[in-house]
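upload12.txt follows; it contains compact mmCIF, C-alpha atoms and all ligand atoms.
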```txt
# COMPACT_ATOMS: atom_id res chain seq x y z
CA MET J 1034 4.31 17.17 -18.39
CA PRO J 1035 5.84 17.37 -14.90
CA SER J 1036 7.98 20.42 -14.03
CA SER J 1037 11.47 20.13 -12.60
CA ASN J 1038 11.62 23.85 -11.71
CA VAL J 1039 12.91 24.13 -8.15
CA GLU J 1040 11.63 27.69 -7.57
CA ASP J 1041 8.11 26.72 -8.64
CA PHE J 1042 8.35 23.70 -6.34
CA HIS J 1043 9.47 25.94 -3.46
CA ASP J 1044 6.40 28.15 -4.01
CA VAL J 1045 4.17 25.07 -3.67
CA LEU J 1046 6.16 23.78 -0.69
CA SER J 1047 6.01 27.05 1.27
CA SER J 1048 2.27 27.40 0.76
CA SER J 1049 1.46 23.79 1.74
CA LYS J 1050 -0.42 23.22 4.98
CA SER J 1051 -0.28 19.39 5.09
CA ILE J 1052 2.53 17.44 3.43
CA LEU J 1053 2.47 13.66 2.99
CA ILE J 1054 5.76 11.93 2.15
CA VAL J 1055 5.55 8.36 0.80
CA SER J 1056 8.89 6.54 0.51
CA GLY J 1057 10.10 3.17 -0.72
CA ALA J 1058 13.22 1.08 -1.12
CA GLY J 1059 14.95 3.65 -3.35
CA LEU J 1060 15.35 5.93 -0.32
CA SER J 1061 17.53 3.28 1.37
CA ALA J 1062 19.45 2.18 -1.73
CA ALA J 1063 22.33 4.59 -0.98
CA SER J 1064 22.56 2.99 2.49
CA GLY J 1065 23.46 -0.28 0.77
CA ILE J 1066 20.08 -1.99 1.10
CA ALA J 1067 18.95 -3.82 -2.04
CA THR J 1068 15.73 -2.54 -3.63
CA PHE J 1069 13.01 -4.99 -4.58
CA ARG J 1070 12.55 -4.44 -8.28
CA GLY J 1071 15.41 -2.27 -9.40
CA THR J 1072 18.48 -3.75 -11.12
CA GLY J 1073 19.78 -6.53 -8.92
CA GLY J 1074 16.71 -6.05 -6.74
CA ARG J 1075 16.19 -8.72 -4.10
CA TRP J 1076 12.92 -9.99 -5.58
CA ARG J 1077 14.80 -10.83 -8.79
CA LYS J 1078 16.48 -13.67 -6.88
CA TYR J 1079 13.61 -14.77 -4.67
CA ASP J 1080 9.94 -15.26 -5.40
CA PRO J 1081 8.06 -12.79 -3.13
CA LYS J 1082 5.11 -15.19 -3.13
CA VAL J 1083 7.43 -17.69 -1.48
CA LEU J 1084 8.94 -15.45 1.13
CA ALA J 1085 6.73 -12.50 2.15
CA THR J 1086 3.14 -13.78 2.31
CA LEU J 1087 0.98 -15.25 5.05
CA SER J 1088 0.59 -18.49 3.06
CA ALA J 1089 4.38 -18.85 2.81
CA TRP J 1090 4.55 -18.44 6.57
CA GLN J 1091 1.84 -21.01 7.17
CA GLU J 1092 3.62 -23.38 4.80
CA ASN J 1093 7.16 -23.06 6.16
CA GLN J 1094 8.03 -20.76 9.07
CA SER J 1095 11.66 -21.84 8.93
CA ARG J 1096 12.01 -20.67 5.32
CA VAL J 1097 10.44 -17.28 6.10
CA TRP J 1098 12.47 -16.78 9.28
CA GLN J 1099 15.69 -17.53 7.40
CA PHE J 1100 14.85 -14.86 4.84
CA PHE J 1101 14.04 -12.28 7.51
CA HIS J 1102 17.14 -13.18 9.53
CA TYR J 1103 19.14 -12.59 6.33
CA ARG J 1104 17.49 -9.19 5.87
CA ARG J 1105 17.96 -8.18 9.53
CA GLU J 1106 21.67 -8.83 9.18
CA GLU J 1107 21.78 -6.99 5.82
CA VAL J 1108 20.16 -3.93 7.39
CA ARG J 1109 21.97 -3.98 10.75
CA PRO J 1110 25.20 -2.19 9.63
CA ALA J 1111 23.30 0.22 7.33
CA GLN J 1112 23.34 3.91 8.20
CA PRO J 1113 20.82 6.60 7.16
CA ASN J 1114 21.94 8.44 4.02
CA LYS J 1115 21.61 12.12 3.06
CA GLY J 1116 18.11 11.46 1.72
CA HIS J 1117 16.92 10.20 5.13
CA HIS J 1118 18.51 13.18 6.89
CA VAL J 1119 16.91 15.77 4.57
CA LEU J 1120 13.50 14.16 5.04
CA ALA J 1121 14.07 13.89 8.79
CA GLN J 1122 14.77 17.64 8.92
CA ILE J 1123 11.43 18.45 7.30
CA LEU J 1124 9.73 16.52 10.10
CA MET J 1125 11.31 18.90 12.63
CA PRO J 1126 9.58 22.35 12.58
CA SER J 1127 12.69 24.02 13.96
CA LEU J 1128 14.96 22.56 11.24
CA ARG J 1129 12.73 23.06 8.22
CA LYS J 1130 13.79 25.16 5.25
CA GLY J 1131 11.18 26.48 2.86
CA VAL J 1132 8.36 24.90 4.83
CA ALA J 1133 6.32 27.05 7.20
CA PRO J 1134 7.67 25.89 10.58
CA ASN J 1135 4.55 25.79 12.67
CA THR J 1136 1.54 25.88 10.41
CA THR J 1137 2.42 22.88 8.28
CA THR J 1138 1.95 19.28 9.32
CA VAL J 1139 4.29 16.75 7.77
CA THR J 1140 3.69 12.99 7.86
CA HIS J 1141 6.15 10.49 6.43
CA VAL J 1142 4.67 7.12 5.50
CA THR J 1143 7.40 4.67 4.58
CA GLN J 1144 7.05 1.26 2.96
CA ASN J 1145 10.56 0.45 4.17
CA ILE J 1146 11.02 -1.86 7.13
CA ASP J 1147 14.68 -0.95 7.79
CA GLY J 1148 14.04 1.70 10.47
CA LEU J 1149 16.55 4.12 8.87
CA LEU J 1150 14.15 7.07 8.83
CA SER J 1151 13.66 6.74 12.59
CA SER J 1152 17.43 6.53 13.05
CA ALA J 1153 17.92 9.72 11.01
CA SER J 1154 15.22 11.62 12.90
CA GLY J 1155 16.16 10.21 16.30
CA LYS J 1156 12.56 9.29 17.03
CA GLU J 1157 10.55 6.11 16.96
CA PRO J 1158 7.52 5.85 14.65
CA ASP J 1159 4.81 8.18 16.00
CA GLY J 1160 2.19 10.45 14.46
CA GLN J 1161 4.74 11.82 12.00
CA ILE J 1162 6.59 8.64 10.98
CA ILE J 1163 4.46 5.66 9.97
CA GLU J 1164 6.14 2.36 9.04
CA MET J 1165 3.13 1.05 7.12
CA HIS J 1166 4.77 -2.29 6.33
CA GLY J 1167 6.23 -2.75 9.81
CA ASN J 1168 9.85 -3.07 10.91
CA LEU J 1169 12.42 -5.86 10.51
CA PHE J 1170 13.42 -5.58 14.16
CA ASP J 1171 9.90 -5.86 15.61
CA VAL J 1172 8.59 -9.30 16.53
CA VAL J 1173 5.08 -10.31 17.55
CA CYS J 1174 3.61 -13.46 19.09
CA THR J 1175 1.52 -15.61 16.76
CA ALA J 1176 -0.90 -16.60 19.55
CA HIS J 1177 -4.12 -14.62 19.08
CA ASP J 1178 -4.62 -14.22 22.83
CA CYS J 1179 -1.08 -13.06 23.59
CA ASP J 1180 -0.03 -9.41 23.46
CA TYR J 1181 3.72 -9.96 23.27
CA ARG J 1182 5.15 -7.49 20.73
CA VAL J 1183 8.67 -6.11 21.17
CA LYS J 1184 11.62 -4.60 19.36
CA ASN J 1185 14.24 -7.33 19.18
CA THR J 1186 17.66 -6.45 17.80
CA ASP J 1187 19.36 -9.66 18.99
CA ASN J 1188 22.02 -10.84 16.58
CA PRO J 1189 21.06 -13.55 15.70
CA ILE J 1190 17.51 -13.48 16.97
CA CYS J 1191 17.95 -17.13 17.94
CA LEU J 1192 21.00 -19.41 17.92
CA ALA J 1193 19.65 -21.73 15.22
CA LEU J 1194 19.35 -18.87 12.72
CA GLY J 1195 22.86 -17.59 13.36
CA GLY J 1196 25.04 -17.87 10.30
CA THR J 1197 22.43 -19.70 8.22
CA GLU J 1198 22.96 -18.69 4.65
CA VAL J 1199 19.75 -18.31 2.72
CA ILE J 1200 20.04 -21.31 0.41
CA VAL J 1201 18.25 -20.42 -2.77
CA GLY J 1202 17.34 -23.28 -5.06
CA GLU J 1203 15.20 -22.61 -8.14
CA GLY J 1204 13.41 -19.59 -6.61
CA ASN J 1205 13.11 -21.43 -3.31
CA VAL J 1206 14.90 -21.26 0.01
CA GLU J 1207 15.76 -24.67 1.48
CA PRO J 1208 14.71 -24.95 5.17
CA VAL J 1209 17.69 -25.82 7.39
CA VAL J 1210 16.29 -24.72 10.77
CA LYS J 1211 13.88 -26.87 12.77
CA ARG J 1212 10.62 -25.14 13.78
CA VAL J 1213 11.30 -25.91 17.44
CA ASP J 1214 14.54 -23.90 17.22
CA LEU J 1215 12.86 -20.78 15.78
CA PRO J 1216 12.15 -17.76 18.05
CA HIS J 1217 9.41 -18.48 20.58
CA CYS J 1218 7.39 -16.17 22.85
CA PRO J 1219 8.78 -15.91 26.40
CA LYS J 1220 5.24 -15.31 27.69
CA CYS J 1221 3.28 -18.19 26.12
CA GLN J 1222 5.93 -20.24 24.30
CA GLN J 1223 4.15 -19.91 20.93
CA LEU J 1224 6.08 -19.04 17.78
CA LEU J 1225 7.15 -15.44 17.19
CA ARG J 1226 6.98 -13.86 13.70
CA PRO J 1227 8.54 -10.75 12.17
CA ASP J 1228 6.12 -7.86 12.77
CA VAL J 1229 6.04 -6.90 9.08
CA VAL J 1230 3.07 -6.66 6.71
CA TRP J 1231 3.11 -9.50 4.19
CA PHE J 1232 1.33 -9.45 0.85
CA GLY J 1233 -2.33 -10.06 1.56
CA GLU J 1234 -2.11 -8.53 5.04
CA ARG J 1235 -3.57 -5.20 6.14
CA PRO J 1236 -1.01 -2.39 6.19
CA LYS J 1237 -0.46 -0.75 9.60
CA ARG J 1238 -2.52 2.34 10.54
CA ILE J 1239 -4.06 2.30 7.04
CA GLN J 1240 -7.23 4.22 7.97
CA GLU J 1241 -5.14 6.97 9.58
CA ILE J 1242 -2.92 7.04 6.47
CA LEU J 1243 -5.88 7.31 4.08
CA GLN J 1244 -7.31 10.23 6.10
CA ILE J 1245 -3.93 12.00 5.97
CA ALA J 1246 -3.77 11.46 2.19
CA ASP J 1247 -7.29 12.87 1.81
CA SER J 1248 -6.38 16.10 3.59
CA ALA J 1249 -2.84 16.60 2.21
CA ASP J 1250 -2.18 19.40 -0.27
CA LEU J 1251 1.27 18.11 -1.28
CA CYS J 1252 2.60 14.56 -1.65
CA LEU J 1253 6.29 13.76 -2.11
CA VAL J 1254 6.77 10.27 -3.61
CA VAL J 1255 10.37 9.20 -2.95
CA GLY J 1256 12.20 6.14 -4.28
CA THR J 1257 9.30 3.83 -4.93
CA SER J 1258 8.17 1.98 -8.04
CA SER J 1259 4.59 2.69 -6.89
CA LEU J 1260 3.55 -0.88 -7.68
CA VAL J 1261 2.45 -2.07 -4.25
CA GLN J 1262 -1.00 -1.11 -3.07
CA PRO J 1263 -2.37 0.69 -1.12
CA ALA J 1264 0.91 2.71 -0.81
CA SER J 1265 0.95 3.26 -4.58
CA LYS J 1266 -2.49 4.90 -4.48
CA LEU J 1267 -1.81 7.49 -1.79
CA HIS J 1268 -0.48 10.20 -4.12
CA GLU J 1269 -3.48 9.63 -6.40
CA ARG J 1270 -5.77 10.44 -3.45
CA VAL J 1271 -3.86 13.66 -2.83
CA ARG J 1272 -4.23 14.63 -6.50
CA ALA J 1273 -7.91 13.69 -6.52
CA ASN J 1274 -8.41 16.23 -3.71
CA GLY J 1275 -6.62 18.98 -5.62
CA GLY J 1276 -3.21 18.47 -4.03
CA LYS J 1277 0.13 18.54 -5.83
CA VAL J 1278 2.46 15.56 -6.36
CA ALA J 1279 6.27 15.64 -6.60
CA VAL J 1280 8.14 12.45 -7.54
CA PHE J 1281 11.79 11.82 -6.66
CA ASN J 1282 13.09 8.77 -8.53
CA MET J 1283 15.96 7.48 -10.67
CA GLU J 1284 13.54 6.71 -13.48
CA VAL J 1285 10.07 7.50 -14.71
CA VAL J 1286 7.85 4.96 -12.93
CA ASN J 1287 4.17 4.11 -12.78
CA HIS J 1288 2.30 7.32 -13.76
CA SER J 1289 5.06 9.62 -12.46
CA ASP J 1290 4.68 11.43 -15.81
CA GLU J 1291 1.32 12.61 -14.39
CA ALA J 1292 3.00 14.24 -11.40
CA ASP J 1293 3.20 18.03 -11.02
CA PHE J 1294 6.94 17.82 -10.34
CA LEU J 1295 9.49 15.14 -11.26
CA PHE J 1296 13.05 15.27 -9.96
CA LEU J 1297 15.01 12.51 -11.71
CA GLY J 1298 18.21 11.27 -10.14
CA PRO J 1299 19.43 9.63 -6.92
CA CYS J 1300 17.08 10.86 -4.18
CA GLU J 1301 20.01 11.19 -1.77
CA VAL J 1302 21.28 13.91 -4.14
CA GLU J 1303 18.01 15.38 -5.46
CA LEU J 1304 16.39 15.74 -2.02
CA GLU J 1305 19.32 17.80 -0.79
CA ARG J 1306 19.47 19.86 -4.01
CA VAL J 1307 15.75 20.60 -3.99
CA LEU J 1308 14.89 20.57 -0.29
CA GLY J 1309 18.17 20.85 1.62
C1 LIG L 1401 -3.30 -5.11 1.13
C2 LIG L 1401 7.08 -5.89 3.81
C3 LIG L 1401 -5.62 -5.16 1.69
C4 LIG L 1401 7.58 -7.29 3.71
C5 LIG L 1401 6.00 -5.40 1.68
C6 LIG L 1401 -3.43 -7.48 -7.78
C7 LIG L 1401 -3.49 -6.20 -8.28
C8 LIG L 1401 -3.28 -5.09 -7.46
C9 LIG L 1401 -3.00 -5.27 -6.10
C10 LIG L 1401 -2.95 -6.54 -5.61
C11 LIG L 1401 -3.16 -7.65 -6.44
N1 LIG L 1401 -3.04 -8.74 -5.66
C12 LIG L 1401 -2.76 -8.37 -4.40
C13 LIG L 1401 -2.72 -7.03 -4.36
C14 LIG L 1401 -2.48 -6.21 -3.14
C15 LIG L 1401 -0.98 -6.24 -2.82
C16 LIG L 1401 -0.19 -5.62 -3.96
O1 LIG L 1401 -0.19 -4.41 -4.12
N2 LIG L 1401 0.50 -6.48 -4.73
C17 LIG L 1401 1.30 -5.97 -5.81
C18 LIG L 1401 2.60 -6.76 -5.89
C19 LIG L 1401 0.48 -6.07 -7.10
N3 LIG L 1401 -0.83 -5.45 -1.62
C20 LIG L 1401 -0.96 -6.04 -0.43
O2 LIG L 1401 -1.12 -7.22 -0.25
C21 LIG L 1401 -0.95 -5.09 0.76
N4 LIG L 1401 -2.10 -5.35 1.59
O3 LIG L 1401 -3.55 -4.67 0.03
O4 LIG L 1401 -4.26 -5.42 2.07
C22 LIG L 1401 -6.03 -3.90 2.34
C23 LIG L 1401 -5.77 -2.69 1.70
C24 LIG L 1401 -6.24 -1.53 2.31
C25 LIG L 1401 -6.94 -1.60 3.51
C26 LIG L 1401 -7.18 -2.82 4.11
C27 LIG L 1401 -6.72 -3.99 3.54
C28 LIG L 1401 0.28 -5.31 1.62
C29 LIG L 1401 1.52 -4.96 0.81
C30 LIG L 1401 2.75 -5.02 1.74
C31 LIG L 1401 3.70 -6.10 1.29
N5 LIG L 1401 4.92 -6.02 2.08
N6 LIG L 1401 7.07 -5.29 2.48
C32 LIG L 1401 8.98 -7.33 3.20
O5 LIG L 1401 9.56 -6.27 2.94
O6 LIG L 1401 9.49 -8.44 3.07
S1 LIG L 1401 6.02 -4.69 0.16
C33 LIG L 1401 7.63 -4.41 -0.37
O7 LIG L 1401 7.45 -3.72 -1.62
C34 LIG L 1401 8.44 -3.44 0.47
O8 LIG L 1401 7.77 -2.88 1.59
C35 LIG L 1401 8.75 -2.32 -0.53
O9 LIG L 1401 8.97 -1.10 0.04
C36 LIG L 1401 7.49 -2.35 -1.29
C37 LIG L 1401 7.33 -1.55 -2.53
O10 LIG L 1401 8.49 -1.63 -3.27
P1 LIG L 1401 9.36 -0.28 -3.44
O11 LIG L 1401 9.65 0.27 -2.08
O12 LIG L 1401 8.68 0.64 -4.38
O13 LIG L 1401 10.70 -0.85 -4.02
P2 LIG L 1401 11.02 -1.18 -5.55
O14 LIG L 1401 12.29 -1.93 -5.59
O15 LIG L 1401 9.79 -1.73 -6.21
O16 LIG L 1401 11.25 0.25 -6.22
C38 LIG L 1401 12.36 1.00 -5.86
C39 LIG L 1401 12.26 2.28 -6.64
O17 LIG L 1401 13.31 3.14 -6.22
C40 LIG L 1401 12.42 2.09 -8.13
O18 LIG L 1401 11.44 2.91 -8.79
C41 LIG L 1401 13.83 2.64 -8.43
O19 LIG L 1401 13.88 3.29 -9.69
C42 LIG L 1401 13.98 3.66 -7.35
N7 LIG L 1401 15.36 3.91 -6.90
C43 LIG L 1401 16.36 3.01 -6.71
N8 LIG L 1401 17.44 3.66 -6.22
C44 LIG L 1401 17.10 4.98 -6.09
C45 LIG L 1401 15.78 5.14 -6.54
N9 LIG L 1401 15.14 6.32 -6.55
C46 LIG L 1401 15.84 7.41 -6.14
N10 LIG L 1401 17.12 7.33 -5.68
C47 LIG L 1401 17.77 6.16 -5.66
N11 LIG L 1401 19.04 6.11 -5.21
ZN ZN L 1402 2.90 -15.20 23.34
```
Would you write out, as structure tokens, the structure that this file holds?
Ligand code: BV8
Ligand code: ZN
Amino acid sequence: MPSSNVEDFHDVLSSSKSILIVSGAGLSAASGIATFRGTGGRWRKYDPKVLATLSAWQENQSRVWQFFHYRREEVRPAQPNKGHHVLAQILMPSLRKGVAPNTTTVTHVTQNIDGLLSSASGKEPDGQIIEMHGNLFDVVCTAHDCDYRVKNTDNPICLALGGTEVIVGEGNVEPVVKRVDLPHCPKCQQLLRPDVVWFGERPKRIQEILQIADSADLCLVVGTSSLVQPASKLHERVRANGGKVAVFNMEVVNHSDEADFLFLGPCEVELERVLG
């Protein structure tokens, strides 16, 4: 049965040498970004197989670009919440509380593609922040022999997508933008795509992430339903190597009753109460 004793958690935290944080959509919920599977979650309205897979892209780039344009504009006004700021502080040795400043490495692997953790910490993804599913505002050229990959925050990313509402039929989005009007590469004129990891694609920096999980002695699992692999298996690797697991969630999810610590409630409140 997981403990919710903060003092016991602090003892584990202060003696940890390598901390892995794995976060999901629940961390950004308080910033106004819909989660995927929670009540009113985005996937309830759309079929993820239609909108976030390589086959969907190959079938209809217009449909997928409309969905990602819609999400870029949903995320654009969002600000980091208290949960992001508490987790950003832990990344900074000088700002940490309860974590040994210089002898502990902290890596935050987020499934979120909203970039809010980077905004809160004031630093782009690096060795400490890993956006394993990519970022909504990164685009990459689809030509295999072209290296064009940039951050693009244009609003809209191309004129044709401006103002297009995502028209959702029975689980489908009706294409209203011609392929020729979608974003194209300025270097080779091929089509650009969102630089995010779709279902069936290899998560970013996954070998590095697995090595970090295998050497971590504490894993914080924050705001994720732990349904999507391989992210959902990372805390199990930490446990398998004798590490401790602490879950921060609104509800008991996928095996969180096997965690060492479980802090139930909004993570933007619980993270500050337990870690702030
Ligand atoms: C891969 C980017 C191979 C795009 C995303 C059959 C069985 C098992 C696995 C598979 C299978 N078939 C296929 C697979 C593999 C598949 C997978 O896991 N499918 C699932 C659906 C079964 N995985 C893949 O395809 C991955 N690739 O496996 O490649 C490989 C592996 C290793 C090495 C080499 C090759 C790629 C997966 C990436 C997909 N892309 N996003 C986009 O966003 O459009 S995933 C998408 O789901 C988001 O990134 C999201 O973050 C992620 C997970 O969802 P959550 O973040 O957990 O969000 P959710 O809504 O589910 O949960 C929110 C939670 O927060 C809830 O628990 C809620 O209670 C809580 N909450 C809400 N508010 C708060 C809160 N908690 C605290 N405070 C609050 N305020
Ligand atoms: Zn190109």
Pairwise distance for atom CA of J:Asp1178 and atom CA of J:Trp1231, rounded to one decimal in Å: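 It comes out at 20.7 Å.
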Each side padded by 4 Å, which centre and which edge lengths in Å (one decimal) define the axis-aligned box around the listed atoms of stretch 1037-1043 of chain J? Give them as AutoDock Vina command-line options.
```
--center_x 10.5 --center_y 23.9 --center_z -8.0 --size_x 12.8 --size_y 15.6 --size_z 17.1
```
At a cut-off of 7 Å, can you tabulate as JSON lines every residue of chain J near ligand ZN 1402 (chain L) together with its closest atom pair and the distance in Å to one decimal, using all atoms listed in the file and ordering rows by chain then number?
```
{"residue": "J:Cys1174", "atom": "CA", "partner": "L:ZN1402", "partner_atom": "ZN", "distance": 4.6}
{"residue": "J:Thr1175", "atom": "CA", "partner": "L:ZN1402", "partner_atom": "ZN", "distance": 6.7}
{"residue": "J:Ala1176", "atom": "CA", "partner": "L:ZN1402", "partner_atom": "ZN", "distance": 5.5}
{"residue": "J:Cys1179", "atom": "CA", "partner": "L:ZN1402", "partner_atom": "ZN", "distance": 4.5}
{"residue": "J:Asp1180", "atom": "CA", "partner": "L:ZN1402", "partner_atom": "ZN", "distance": 6.5}
{"residue": "J:Tyr1181", "atom": "CA", "partner": "L:ZN1402", "partner_atom": "ZN", "distance": 5.3}
{"residue": "J:Cys1218", "atom": "CA", "partner": "L:ZN1402", "partner_atom": "ZN", "distance": 4.6}
{"residue": "J:Pro1219", "atom": "CA", "partner": "L:ZN1402", "partner_atom": "ZN", "distance": 6.7}
{"residue": "J:Lys1220", "atom": "CA", "partner": "L:ZN1402", "partner_atom": "ZN", "distance": 4.9}
{"residue": "J:Cys1221", "atom": "CA", "partner": "L:ZN1402", "partner_atom": "ZN", "distance": 4.1}
{"residue": "J:Gln1222", "atom": "CA", "partner": "L:ZN1402", "partner_atom": "ZN", "distance": 6.0}
{"residue": "J:Gln1223", "atom": "CA", "partner": "L:ZN1402", "partner_atom": "ZN", "distance": 5.4}
```
Contacts with ligand LIG 1401 (chain L) at most 8 Å, only C-alpha atoms and all ligand atoms counted, listed as a PyMOL selection string: chain J and resi 1056-1063+1067-1071+1074-1075+1081+1084-1086+1101+1143-1146+1166-1167+1229-1236+1239-1240+1255-1265+1281-1286+1297-1302
Residues as selected, C-alpha atoms, written as a compact mmCIF listing (two decimals), in the frame of the given file, can you do that?
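selection_18.txt, written as the output of this step:
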```txt
# COMPACT_ATOMS: atom_id res chain seq x y z
CA SER J 1056 8.89 6.54 0.51
CA GLY J 1057 10.10 3.17 -0.72
CA ALA J 1058 13.22 1.08 -1.12
CA GLY J 1059 14.95 3.65 -3.35
CA LEU J 1060 15.35 5.93 -0.32
CA SER J 1061 17.53 3.28 1.37
CA ALA J 1062 19.45 2.18 -1.73
CA ALA J 1063 22.33 4.59 -0.98
CA ALA J 1067 18.95 -3.82 -2.04
CA THR J 1068 15.73 -2.54 -3.63
CA PHE J 1069 13.01 -4.99 -4.58
CA ARG J 1070 12.55 -4.44 -8.28
CA GLY J 1071 15.41 -2.27 -9.40
CA GLY J 1074 16.71 -6.05 -6.74
CA ARG J 1075 16.19 -8.72 -4.10
CA PRO J 1081 8.06 -12.79 -3.13
CA LEU J 1084 8.94 -15.45 1.13
CA ALA J 1085 6.73 -12.50 2.15
CA THR J 1086 3.14 -13.78 2.31
CA PHE J 1101 14.04 -12.28 7.51
CA THR J 1143 7.40 4.67 4.58
CA GLN J 1144 7.05 1.26 2.96
CA ASN J 1145 10.56 0.45 4.17
CA ILE J 1146 11.02 -1.86 7.13
CA HIS J 1166 4.77 -2.29 6.33
CA GLY J 1167 6.23 -2.75 9.81
CA VAL J 1229 6.04 -6.90 9.08
CA VAL J 1230 3.07 -6.66 6.71
CA TRP J 1231 3.11 -9.50 4.19
CA PHE J 1232 1.33 -9.45 0.85
CA GLY J 1233 -2.33 -10.06 1.56
CA GLU J 1234 -2.11 -8.53 5.04
CA ARG J 1235 -3.57 -5.20 6.14
CA PRO J 1236 -1.01 -2.39 6.19
CA ILE J 1239 -4.06 2.30 7.04
CA GLN J 1240 -7.23 4.22 7.97
CA VAL J 1255 10.37 9.20 -2.95
CA GLY J 1256 12.20 6.14 -4.28
CA THR J 1257 9.30 3.83 -4.93
CA SER J 1258 8.17 1.98 -8.04
CA SER J 1259 4.59 2.69 -6.89
CA LEU J 1260 3.55 -0.88 -7.68
CA VAL J 1261 2.45 -2.07 -4.25
CA GLN J 1262 -1.00 -1.11 -3.07
CA PRO J 1263 -2.37 0.69 -1.12
CA ALA J 1264 0.91 2.71 -0.81
CA SER J 1265 0.95 3.26 -4.58
CA PHE J 1281 11.79 11.82 -6.66
CA ASN J 1282 13.09 8.77 -8.53
CA MET J 1283 15.96 7.48 -10.67
CA GLU J 1284 13.54 6.71 -13.48
CA VAL J 1285 10.07 7.50 -14.71
CA VAL J 1286 7.85 4.96 -12.93
CA LEU J 1297 15.01 12.51 -11.71
CA GLY J 1298 18.21 11.27 -10.14
CA PRO J 1299 19.43 9.63 -6.92
CA CYS J 1300 17.08 10.86 -4.18
CA GLU J 1301 20.01 11.19 -1.77
CA VAL J 1302 21.28 13.91 -4.14
```
J:Leu1192 environment, 12 Å, all atoms listed in the file, sequence neighbours closer than 4 positions dropped, as a list in words: Gln1099, His1102, Asp1187, Asn1188, Gly1196, Thr1197, Val1210, Lys1211, Val1213, Asp1214, Leu1215, Pro1216 and His1217 of chain J
